[in-house]
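J.: Sharing model-v3.txt, compact mmCIF, C-alpha atoms:
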# COMPACT_ATOMS: atom_id res chain seq x y z
CA MET Y 971 -11.09 12.67 -7.49
CA PRO Y 972 -14.28 14.16 -5.97
CA ASN Y 973 -14.00 15.25 -2.37
CA ARG Y 974 -16.73 17.41 -0.93
CA THR Y 975 -14.75 18.39 2.15
CA THR Y 976 -11.36 19.05 0.52
CA PRO Y 977 -10.56 22.03 -1.71
CA SER Y 978 -9.77 21.19 -5.32
CA PRO Y 979 -6.14 21.49 -6.48
CA LEU Y 980 -5.13 25.12 -6.66
CA ASP Y 981 -4.68 26.74 -10.04
CA PRO Y 982 -0.97 26.36 -10.88
CA THR Y 983 -0.99 29.71 -12.68
CA SER Y 984 -1.92 31.55 -9.50
CA ARG Y 985 -0.49 29.23 -6.83
CA PRO Y 986 2.74 30.43 -5.24
CA ALA Y 987 5.65 28.04 -5.29
CA VAL Y 988 5.68 25.50 -2.48
CA SER Y 989 8.89 24.10 -1.13
CA THR Y 990 9.45 21.19 1.18
CA THR Y 991 11.17 23.49 3.66
CA ALA Y 992 8.28 25.92 3.87
CA HIS Y 993 5.29 25.28 6.08
CA PRO Y 994 2.62 23.59 3.90
CA ARG Y 995 -1.04 24.28 4.43
CA PRO Y 996 -2.64 22.26 7.26
CA HIS Y 997 -3.15 18.66 6.28
CA PRO Y 998 -6.80 17.63 5.94
CA HIS Y 999 -6.41 14.98 8.62
CA ALA Y 1000 -4.62 17.22 11.09
CA SER Y 1001 -7.50 17.07 13.59
CA GLY Y 1002 -7.80 13.29 13.41
CA PRO Y 1003 -8.94 10.79 10.78
CA ASP Y 1004 -12.49 10.97 9.43
CA LEU Y 1005 -13.81 7.41 9.73
CA LEU Y 1006 -15.83 7.32 6.51
CA ARG Y 1007 -13.51 9.34 4.28
CA GLY Y 1008 -10.19 8.28 5.82
CA PRO Y 1009 -9.80 4.85 7.46
CA ALA Y 1010 -12.78 3.30 5.63
CA PRO Y 1011 -11.29 3.70 2.12
CA ILE Y 1012 -7.94 2.42 3.42
CA LEU Y 1013 -9.61 -0.68 4.87
CA VAL Y 1014 -11.54 -1.27 1.62
CA THR Y 1015 -8.19 -1.00 -0.17
CA SER Y 1016 -6.81 -3.70 2.14
CA VAL Y 1017 -9.75 -5.95 1.23
CA LEU Y 1018 -8.97 -5.51 -2.47
CA TRP Y 1019 -5.25 -6.12 -1.90
CA GLY Y 1020 -6.12 -9.23 0.09
CA THR Y 1021 -7.44 -10.87 -3.09
CA THR Y 1022 -4.02 -10.69 -4.77
CA GLY Y 1023 -2.60 -13.99 -3.53
CA THR Y 1024 -5.77 -15.97 -4.22
CA VAL Y 1025 -6.12 -14.57 -7.75
CA ALA Y 1026 -2.41 -14.90 -8.54
CA SER Y 1027 -2.56 -18.59 -7.62
CA PHE Y 1028 -4.70 -19.11 -10.75
CA ALA Y 1029 -1.97 -17.77 -13.08
CA PRO Y 1030 -0.75 -20.20 -15.81
CA ALA Y 1031 2.14 -22.48 -14.96
CA GLY Y 1032 4.50 -20.63 -17.31
CA ALA Y 1033 4.07 -17.29 -15.55
CA SER Y 1034 6.72 -16.44 -12.96
CA PRO Y 1035 5.66 -14.44 -9.87
CA VAL Y 1036 7.82 -11.51 -10.98
CA ALA Y 1037 6.20 -11.50 -14.43
CA VAL Y 1038 2.70 -11.58 -12.91
CA GLY Y 1039 3.48 -8.69 -10.56
CA ALA Y 1040 5.15 -6.67 -13.30
CA ALA Y 1041 2.24 -7.18 -15.71
CA GLY Y 1042 -0.28 -6.03 -13.11
CA LEU Y 1043 1.78 -2.94 -12.32
CA VAL Y 1044 2.33 -2.02 -15.98
CA LEU Y 1045 -1.34 -2.20 -16.93
CA GLY Y 1046 -2.66 -0.83 -13.63
CA GLY Y 1047 -0.14 2.00 -13.56
CA LEU Y 1048 -1.02 3.08 -17.08
CA LEU Y 1049 -4.72 2.99 -16.20
CA LEU Y 1050 -4.07 5.26 -13.22
CA LEU Y 1051 -2.01 7.63 -15.35
CA LEU Y 1052 -4.52 7.89 -18.20
CA SER Y 1053 -7.65 8.13 -16.04
CA SER Y 1054 -6.46 10.53 -13.36
CA ARG Y 1055 -7.20 14.15 -14.12
CA GLY Y 1056 -4.03 16.22 -14.13
CA ALA Y 1057 -1.66 13.26 -13.76
CA ARG Y 1058 0.09 13.79 -17.08
CA THR Y 1059 0.64 17.49 -16.45
CA LEU Y 1060 1.35 17.35 -12.71
CA PRO Y 1061 5.18 17.50 -12.99
CA ARG Y 1062 4.94 20.81 -14.86
CA HIS Y 1063 2.92 22.31 -12.01
CA CYS Y 1064 5.26 21.10 -9.27
CA THR Y 1065 8.26 22.78 -7.74
CA ARG Y 1066 11.66 21.23 -8.28
CA ALA Y 1067 11.56 19.66 -4.82
CA GLU Y 1068 8.11 18.17 -5.51
CA ARG Y 1069 9.32 16.70 -8.81
CA ARG Y 1070 12.13 15.01 -6.92
CA LEU Y 1071 9.53 13.57 -4.54
CA LEU Y 1072 7.51 12.27 -7.50
CA ALA Y 1073 10.60 10.57 -8.92
CA LEU Y 1074 11.41 9.04 -5.54
CA GLY Y 1075 7.83 7.79 -5.21
CA ALA Y 1076 7.93 6.16 -8.66
CA VAL Y 1077 11.18 4.36 -7.85
CA ALA Y 1078 9.70 3.17 -4.55
CA VAL Y 1079 6.60 1.84 -6.35
CA VAL Y 1080 8.87 -0.19 -8.66
CA GLY Y 1081 10.92 -1.38 -5.70
CA TYR Y 1082 8.00 -3.10 -4.00
CA PRO Y 1083 7.19 -5.86 -6.56
CA LEU Y 1084 10.83 -6.28 -7.59
CA SER Y 1085 11.81 -7.05 -3.98
CA PHE Y 1086 8.63 -8.70 -2.65
CA TYR Y 1087 8.18 -11.42 -5.27
CA PRO Y 1088 11.82 -12.62 -5.06
CA ALA Y 1089 11.38 -12.61 -1.27
CA VAL Y 1090 8.34 -14.87 -1.65
CA ALA Y 1091 10.38 -17.23 -3.85
CA ARG Y 1092 13.07 -17.52 -1.15
CA SER Y 1093 11.17 -17.28 2.15
CA GLY Y 1094 7.62 -18.19 1.19
CA VAL Y 1095 4.43 -16.16 1.21
CA ALA Y 1096 3.89 -16.23 4.99
CA VAL Y 1097 7.27 -14.94 6.14
CA SER Y 1098 7.54 -12.41 3.31
CA THR Y 1099 4.07 -11.00 3.99
CA VAL Y 1100 4.71 -10.62 7.71
CA VAL Y 1101 8.11 -8.97 7.22
CA ALA Y 1102 6.99 -6.63 4.43
CA LEU Y 1103 3.67 -5.49 5.90
CA GLY Y 1104 4.93 -5.60 9.48
CA SER Y 1105 7.99 -3.45 8.76
CA ALA Y 1106 6.13 -0.88 6.63
CA PRO Y 1107 4.34 0.92 9.53
CA VAL Y 1108 7.59 1.01 11.51
CA PHE Y 1109 9.49 2.52 8.58
CA THR Y 1110 6.66 4.98 7.97
CA GLY Y 1111 6.64 6.18 11.56
CA LEU Y 1112 10.42 6.56 11.70
CA LEU Y 1113 10.70 8.31 8.33
CA ALA Y 1114 7.83 10.68 9.14
CA TRP Y 1115 9.54 11.54 12.43
CA LEU Y 1116 12.99 12.02 10.84
CA THR Y 1117 11.61 14.22 8.06
CA GLY Y 1118 9.57 16.34 10.46
CA GLN Y 1119 6.18 15.37 9.05
CA ALA Y 1120 4.71 13.92 12.24
CA ARG Y 1121 5.83 12.46 15.54
CA PRO Y 1122 4.42 8.99 16.28
CA THR Y 1123 1.89 8.95 19.10
CA ALA Y 1124 1.76 6.43 21.91
CA ARG Y 1125 -1.65 5.21 20.75
CA TRP Y 1126 -0.34 4.61 17.22
CA GLY Y 1127 2.70 2.78 18.58
CA LEU Y 1128 0.63 0.52 20.82
CA ALA Y 1129 -1.92 -0.25 18.09
CA THR Y 1130 0.79 -0.89 15.51
CA ALA Y 1131 2.72 -3.23 17.79
CA ALA Y 1132 -0.43 -5.22 18.54
CA ALA Y 1133 -1.44 -5.28 14.86
CA VAL Y 1134 2.00 -6.52 13.76
CA LEU Y 1135 1.88 -9.21 16.46
CA GLY Y 1136 -1.60 -10.30 15.39
CA CYS Y 1137 -0.55 -10.31 11.73
CA ALA Y 1138 2.51 -12.45 12.51
CA VAL Y 1139 0.53 -14.98 14.54
CA LEU Y 1140 -2.21 -15.09 11.89
CA VAL Y 1141 0.08 -15.66 8.91
CA LEU Y 1142 2.70 -17.82 10.62
CA GLY Y 1143 0.10 -19.85 12.54
CA PRO Y 1144 0.39 -23.01 10.39
CA ASP Y 1145 4.18 -23.01 10.75
CA LEU Y 1146 3.97 -22.32 14.47
CA ALA Y 1147 1.45 -25.13 14.93
CA SER Y 1148 3.65 -27.61 13.05
CA GLY Y 1149 6.86 -26.40 14.67
CA THR Y 1150 8.44 -25.38 11.34
CA ALA Y 1151 9.06 -21.75 10.40
CA PRO Y 1152 11.78 -21.65 7.74
CA VAL Y 1153 13.70 -18.37 7.59
CA ASP Y 1154 15.97 -17.37 4.72
CA LEU Y 1155 18.01 -14.29 5.60
CA PRO Y 1156 18.34 -12.94 2.02
CA GLY Y 1157 14.60 -13.47 1.60
CA VAL Y 1158 13.87 -11.60 4.83
CA ALA Y 1159 16.16 -8.77 3.68
CA LEU Y 1160 14.30 -8.51 0.37
CA ALA Y 1161 10.95 -8.45 2.18
CA THR Y 1162 12.28 -5.67 4.41
CA VAL Y 1163 13.22 -3.67 1.30
CA SER Y 1164 9.66 -4.09 0.00
CA GLY Y 1165 8.29 -2.81 3.33
CA LEU Y 1166 10.59 0.21 3.08
CA SER Y 1167 9.49 0.83 -0.52
CA TYR Y 1168 5.82 0.75 0.51
CA ALA Y 1169 6.51 3.17 3.37
CA VAL Y 1170 8.39 5.59 1.10
CA TYR Y 1171 5.78 5.90 -1.64
CA THR Y 1172 3.00 6.19 0.95
CA LEU Y 1173 4.81 9.04 2.68
CA VAL Y 1174 5.62 10.73 -0.63
CA GLY Y 1175 2.00 10.51 -1.73
CA GLY Y 1176 0.74 11.88 1.58
CA ARG Y 1177 3.26 14.72 1.49
CA LEU Y 1178 2.29 15.84 -2.03
CA ILE Y 1179 -1.42 15.56 -1.26
CA ALA Y 1180 -0.86 17.74 1.82
CA HIS Y 1181 0.73 20.33 -0.49
CA GLY Y 1182 -2.61 20.71 -2.27
CA HIS Y 1183 -2.22 18.35 -5.23
CA ALA Y 1184 -5.09 16.03 -6.15
CA SER Y 1185 -4.66 12.51 -4.80
CA GLY Y 1186 -5.57 10.94 -8.16
CA ALA Y 1187 -3.01 13.05 -10.00
CA VAL Y 1188 -0.26 12.24 -7.49
CA LEU Y 1189 -0.77 8.47 -7.52
CA GLY Y 1190 -1.46 8.46 -11.26
CA THR Y 1191 1.85 10.17 -11.95
CA MET Y 1192 3.86 7.93 -9.62
CA PHE Y 1193 2.32 4.69 -10.86
CA GLY Y 1194 2.39 5.75 -14.51
CA ALA Y 1195 6.12 6.42 -14.25
CA ALA Y 1196 6.60 3.16 -12.35
CA ALA Y 1197 4.77 1.26 -15.11
CA LEU Y 1198 7.24 2.57 -17.68
CA LEU Y 1199 10.20 1.74 -15.43
CA VAL Y 1200 9.07 -1.85 -14.83
CA LEU Y 1201 8.09 -2.56 -18.46
CA PRO Y 1202 11.58 -3.93 -19.34
CA VAL Y 1203 11.24 -6.41 -16.47
CA LEU Y 1204 8.01 -7.74 -17.96
CA LEU Y 1205 9.50 -7.97 -21.44
CA GLY Y 1206 12.58 -9.73 -20.14
CA SER Y 1207 10.70 -12.26 -17.99
CA GLY Y 1208 8.38 -13.44 -20.78
CA PHE Y 1209 4.78 -12.54 -21.45
CA ALA Y 1210 3.44 -15.26 -23.78
CA TRP Y 1211 1.19 -16.47 -20.95
CA LEU Y 1212 -0.77 -13.21 -21.21
CA ALA Y 1213 -2.38 -14.53 -24.39
CA THR Y 1214 -4.14 -17.33 -22.48
CA PRO Y 1215 -7.63 -16.68 -21.06
CA ARG Y 1216 -6.52 -17.51 -17.53
CA GLY Y 1217 -3.43 -15.31 -17.74
CA ALA Y 1218 -5.41 -12.39 -19.14
CA ALA Y 1219 -8.09 -12.74 -16.44
CA VAL Y 1220 -5.49 -12.78 -13.65
CA VAL Y 1221 -3.66 -9.70 -14.94
CA LEU Y 1222 -6.91 -7.81 -15.51
CA HIS Y 1223 -7.91 -8.43 -11.90
CA LEU Y 1224 -4.49 -7.38 -10.58
CA ALA Y 1225 -4.45 -4.28 -12.80
CA VAL Y 1226 -8.04 -3.09 -12.47
CA ILE Y 1227 -8.99 -4.21 -8.95
CA THR Y 1228 -5.80 -4.40 -6.86
CA THR Y 1229 -3.93 -1.56 -8.57
CA PHE Y 1230 -6.25 0.91 -10.32
CA LEU Y 1231 -9.30 0.80 -8.05
CA ALA Y 1232 -7.37 0.03 -4.86
CA TYR Y 1233 -4.94 2.91 -5.24
CA ARG Y 1234 -7.67 5.37 -6.19
CA LEU Y 1235 -9.29 4.51 -2.85
CA PHE Y 1236 -5.92 4.56 -1.10
CA GLY Y 1237 -5.19 8.06 -2.38
CA TYR Y 1238 -8.65 9.23 -1.34
CA GLY Y 1239 -8.08 7.85 2.16
CA LEU Y 1240 -4.68 9.54 2.43
CA ARG Y 1241 -6.40 12.91 2.20
CA ARG Y 1242 -7.82 12.37 5.71
CA THR Y 1243 -5.52 9.71 7.17
CA SER Y 1244 -1.85 10.06 8.02
CA ALA Y 1245 0.64 7.82 6.25
CA GLN Y 1246 1.51 6.18 9.58
CA VAL Y 1247 -2.10 5.20 10.30
CA ALA Y 1248 -2.67 4.15 6.67
CA THR Y 1249 0.22 1.67 6.62
CA THR Y 1250 -0.94 0.19 9.91
CA LEU Y 1251 -4.51 -0.19 8.66
CA THR Y 1252 -3.32 -2.10 5.60
CA LEU Y 1253 -2.22 -4.88 7.95
CA ALA Y 1254 -5.83 -6.00 7.46
CA GLU Y 1255 -4.72 -7.36 4.07
CA PRO Y 1256 -3.34 -10.68 5.43
CA ALA Y 1257 -6.59 -11.21 7.34
CA VAL Y 1258 -8.59 -10.90 4.11
CA ALA Y 1259 -6.16 -13.19 2.29
CA ALA Y 1260 -6.43 -15.79 5.08
CA VAL Y 1261 -10.22 -15.77 5.06
CA LEU Y 1262 -10.29 -16.05 1.25
CA GLY Y 1263 -7.89 -18.96 1.46
CA VAL Y 1264 -10.30 -20.76 3.77
CA VAL Y 1265 -13.46 -19.90 1.82
CA VAL Y 1266 -12.22 -20.09 -1.78
CA LEU Y 1267 -9.20 -22.39 -1.74
CA GLY Y 1268 -10.36 -24.72 1.04
CA GLU Y 1269 -7.36 -24.05 3.28
CA ARG Y 1270 -7.51 -24.68 7.02
CA LEU Y 1271 -6.22 -22.36 9.71
CA PRO Y 1272 -5.10 -23.60 13.15
CA TRP Y 1273 -6.58 -22.07 16.25
CA VAL Y 1274 -3.48 -19.92 16.83
CA SER Y 1275 -4.10 -18.16 13.49
CA TRP Y 1276 -7.67 -17.36 14.47
CA CYS Y 1277 -6.34 -15.88 17.73
CA GLY Y 1278 -3.98 -13.71 15.70
CA LEU Y 1279 -6.91 -12.58 13.56
CA VAL Y 1280 -8.80 -11.45 16.68
CA VAL Y 1281 -5.77 -9.53 18.01
CA LEU Y 1282 -5.30 -7.84 14.64
CA ALA Y 1283 -8.96 -6.82 14.43
CA VAL Y 1284 -8.97 -5.39 17.95
CA ALA Y 1285 -5.74 -3.45 17.30
CA LEU Y 1286 -7.08 -1.86 14.11
CA ALA Y 1287 -10.34 -0.95 15.83
CA PHE Y 1288 -8.39 0.60 18.70
CA LEU Y 1289 -6.38 2.65 16.19
CA VAL Y 1290 -9.45 4.14 14.50
CA VAL Y 1291 -12.27 4.42 17.05
CA PRO Y 1292 -10.56 6.39 19.87
CA ALA Y 1293 -9.47 9.16 17.51
CA ARG Y 1294 -13.03 9.60 16.31
CA SER Y 1295 -14.43 9.50 19.84
CA SER Y 1296 -11.96 12.04 21.21
CA ARG Y 1297 -12.67 14.43 18.36
CA ALA Y 1298 -16.43 14.11 19.01
CA ARG Y 1299 -15.89 15.01 22.67
CA ARG Y 1300 -13.87 18.07 21.67
Translate this structure into structure tokens?
T.:
Amino acid sequence: MPNRTTPSPLDPTSRPAVSTTAHPRPHPHASGPDLLRGPAPILVTSVLWGTTGTVASFAPAGASPVAVGAAGLVLGGLLLLLSSRGARTLPRHCTRAERRLLALGAVAVVGYPLSFYPAVARSGVAVSTVVALGSAPVFTGLLAWLTGQARPTARWGLATAAAVLGCAVLVLGPDLASGTAPVDLPGVALATVSGLSYAVYTLVGGRLIAHGHASGAVLGTMFGAAALLVLPVLLGSGFAWLATPRGAAVVLHLAVITTFLAYRLFGYGLRRTSAQVATTLTLAEPAVAAVLGVVVLGERLPWVSWCGLVVLAVALAFLVVPARSSRARR
């Protein structure tokens, strides 16, 4: 993927072996995120992801949520694998430790849809979205700290806490307004697993990119492997609905827009944004989904949801703008 400010992947024939215990070269975002090349692509990714629920609601009646998610991942993952330069040969150019990271990332990619969609079936879209996206930044910060990648800052912690609060109030607003907020413990547990899966493959991708590998190749390899792993799930859950015009249109959108294009942008943003900041910024996804629900589907949001939207927006702005301002002063 083109990047004028980042060196191209080093030639594997001349690059010395890199291990996860050695000190990798300085990460491109070590001095703070670049607004246009870091947070901006991540936020655009969140906008694209925010269309998922609205588009998936148009799937044919015979398509289960798991089948829809699996179909989007299979096609989108293969597109990423085939279109990303160096993705098919990346494992050969990695150290043994890096290949283990790639395998872990692929399993984590598969884990997200296989845990999130069953969580939605048990706990509903609102609760599952809040738990999955709200827990992901927390898991990312803790895992990055435990693995020695980065120690969470106070500013990140404050912004993340406010963003999670705003996201919860935004998404759960209708239930809070009506006094009903059903909670299914197995569903919440599944949503938590999906948040952990998202955190893991984001950290793995950021770690491999920091080692000098191209972002497109890293995500293409992980998602291509994940597509092959999840293919049996699609075959077992039924795919006759894919032959209908509506089913094909839905899967094409999920594959091309919310998987292929979104993760190309996500990988580009990870080159100049830490995994912790990236997972927090993607809390903008529920805001996009809520606005689309109002504009496209004619849904109505209570005032408490709009308050949550304001809190979320302020928290994300606080996370991005101060880092840019402090770097300009330096």
J.: Return the single residue from Y:Leu1051, Y:Ala1283, Y:Val1108, Y:Ala1031 that is closest to Leu1212 of chain Y, with distances computed using all atoms listed in the file.
T.: Y:Ala1031
J.: So, counting only C-alpha atoms, which residue among Y:Leu1282, Y:Ser1244, Y:Ala1033, Y:Gly1263 is closest to Pro1009 of chain Y?
T.: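 Ranked by minimum distance to Pro1009 of chain Y, first place goes to Y:Ser1244.
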J.: Write out as JSON, numbers by chain which residues come within 12 Å of segment 1073-1077 of chain Y when counting all atoms listed in the file, dropping same-chain ones fewer than 6 positions away.
T.: {"Y": [1043, 1047, 1061, 1064, 1066, 1067, 1083, 1084, 1164, 1166, 1167, 1168, 1169, 1170, 1171, 1172, 1173, 1174, 1175, 1176, 1177, 1178, 1188, 1189, 1190, 1191, 1192, 1193, 1194, 1195, 1196, 1197, 1198, 1199, 1200]}
J.: For the atom pair atom CA of Val1221 of chain Y and atom CA of Arg1270 of chain Y, what is the interatomic distance in Å to one decimal place?
T.: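 So the two atoms, atom CA of Val1221 of chain Y and atom CA of Arg1270 of chain Y, lie 26.9 Å apart.
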J.: Report the distance between atom CA of Phe1230 of chain Y and atom CA of Leu1060 of chain Y in Å, rounded to one decimal place.
T.: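 Pair atom CA of Phe1230 of chain Y / atom CA of Leu1060 of chain Y returns 18.3 Å.
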J.: With all atoms listed in the file counted, which protein, DNA or RNA residues have an atom no more than 12 Å from (1.6, 4.8, 19.9) in the file frame? Please answer as a list in words.
T.: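 Those residues, ordered by chain and then number, are Pro1107, Val1108, Gly1111, Arg1121, Pro1122, Thr1123, Ala1124, Arg1125, Trp1126, Gly1127, Leu1128, Ala1129, Thr1130, Ala1131, Ala1132, Ala1133, Gln1246, Val1247, Thr1250, Ala1285, Phe1288 and Leu1289 of chain Y.
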J.: Name the closest residue to Ala1057 of chain Y among the candidates Y:Leu1013, Y:Glu1255, Y:Tyr1238, Y:Leu1072; distances are taken between atoms, counting only C-alpha atoms.
T.: Y:Leu1072
J.: Just the number, please: distance in Å from atom CA of Phe1236 of chain Y to atom CA of Ser1093 of chain Y, one decimal.
T.: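 So the two atoms, atom CA of Phe1236 of chain Y and atom CA of Ser1093 of chain Y, lie 27.9 Å apart.
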J.: If we count all atoms listed in the file, what is near Ala1218 of chain Y at a cut-off of 12 Å, once residues fewer than 3 positions away on the same chain are taken out, given as a count of residues only?
T.: 23
J.: Tell me, as a list of chain:residue names, which residues lie within 10 Å of Arg1234 of chain Y, counting all atoms listed in the file; anything in the same chain fewer than 4 positions away does not count.
T.: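 Residues near the query, excluding close chain neighbours: Y:Met971, Y:Pro1011, Y:Thr1015, Y:Leu1050, Y:Ser1054, Y:Ser1185, Y:Gly1186, Y:Ala1187, Y:Leu1189, Y:Gly1190, Y:Thr1228, Y:Thr1229, Y:Phe1230, Y:Tyr1238, Y:Gly1239.
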J.: In terms of the shortest atom-to-atom distance over all atoms listed in the file, which of Y:Leu1052, Y:Ala1102, Y:Val1141, Y:Val1080 is closest to Val1036 of chain Y?
T.: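 The closest residue to Val1036 of chain Y is Y:Val1080.
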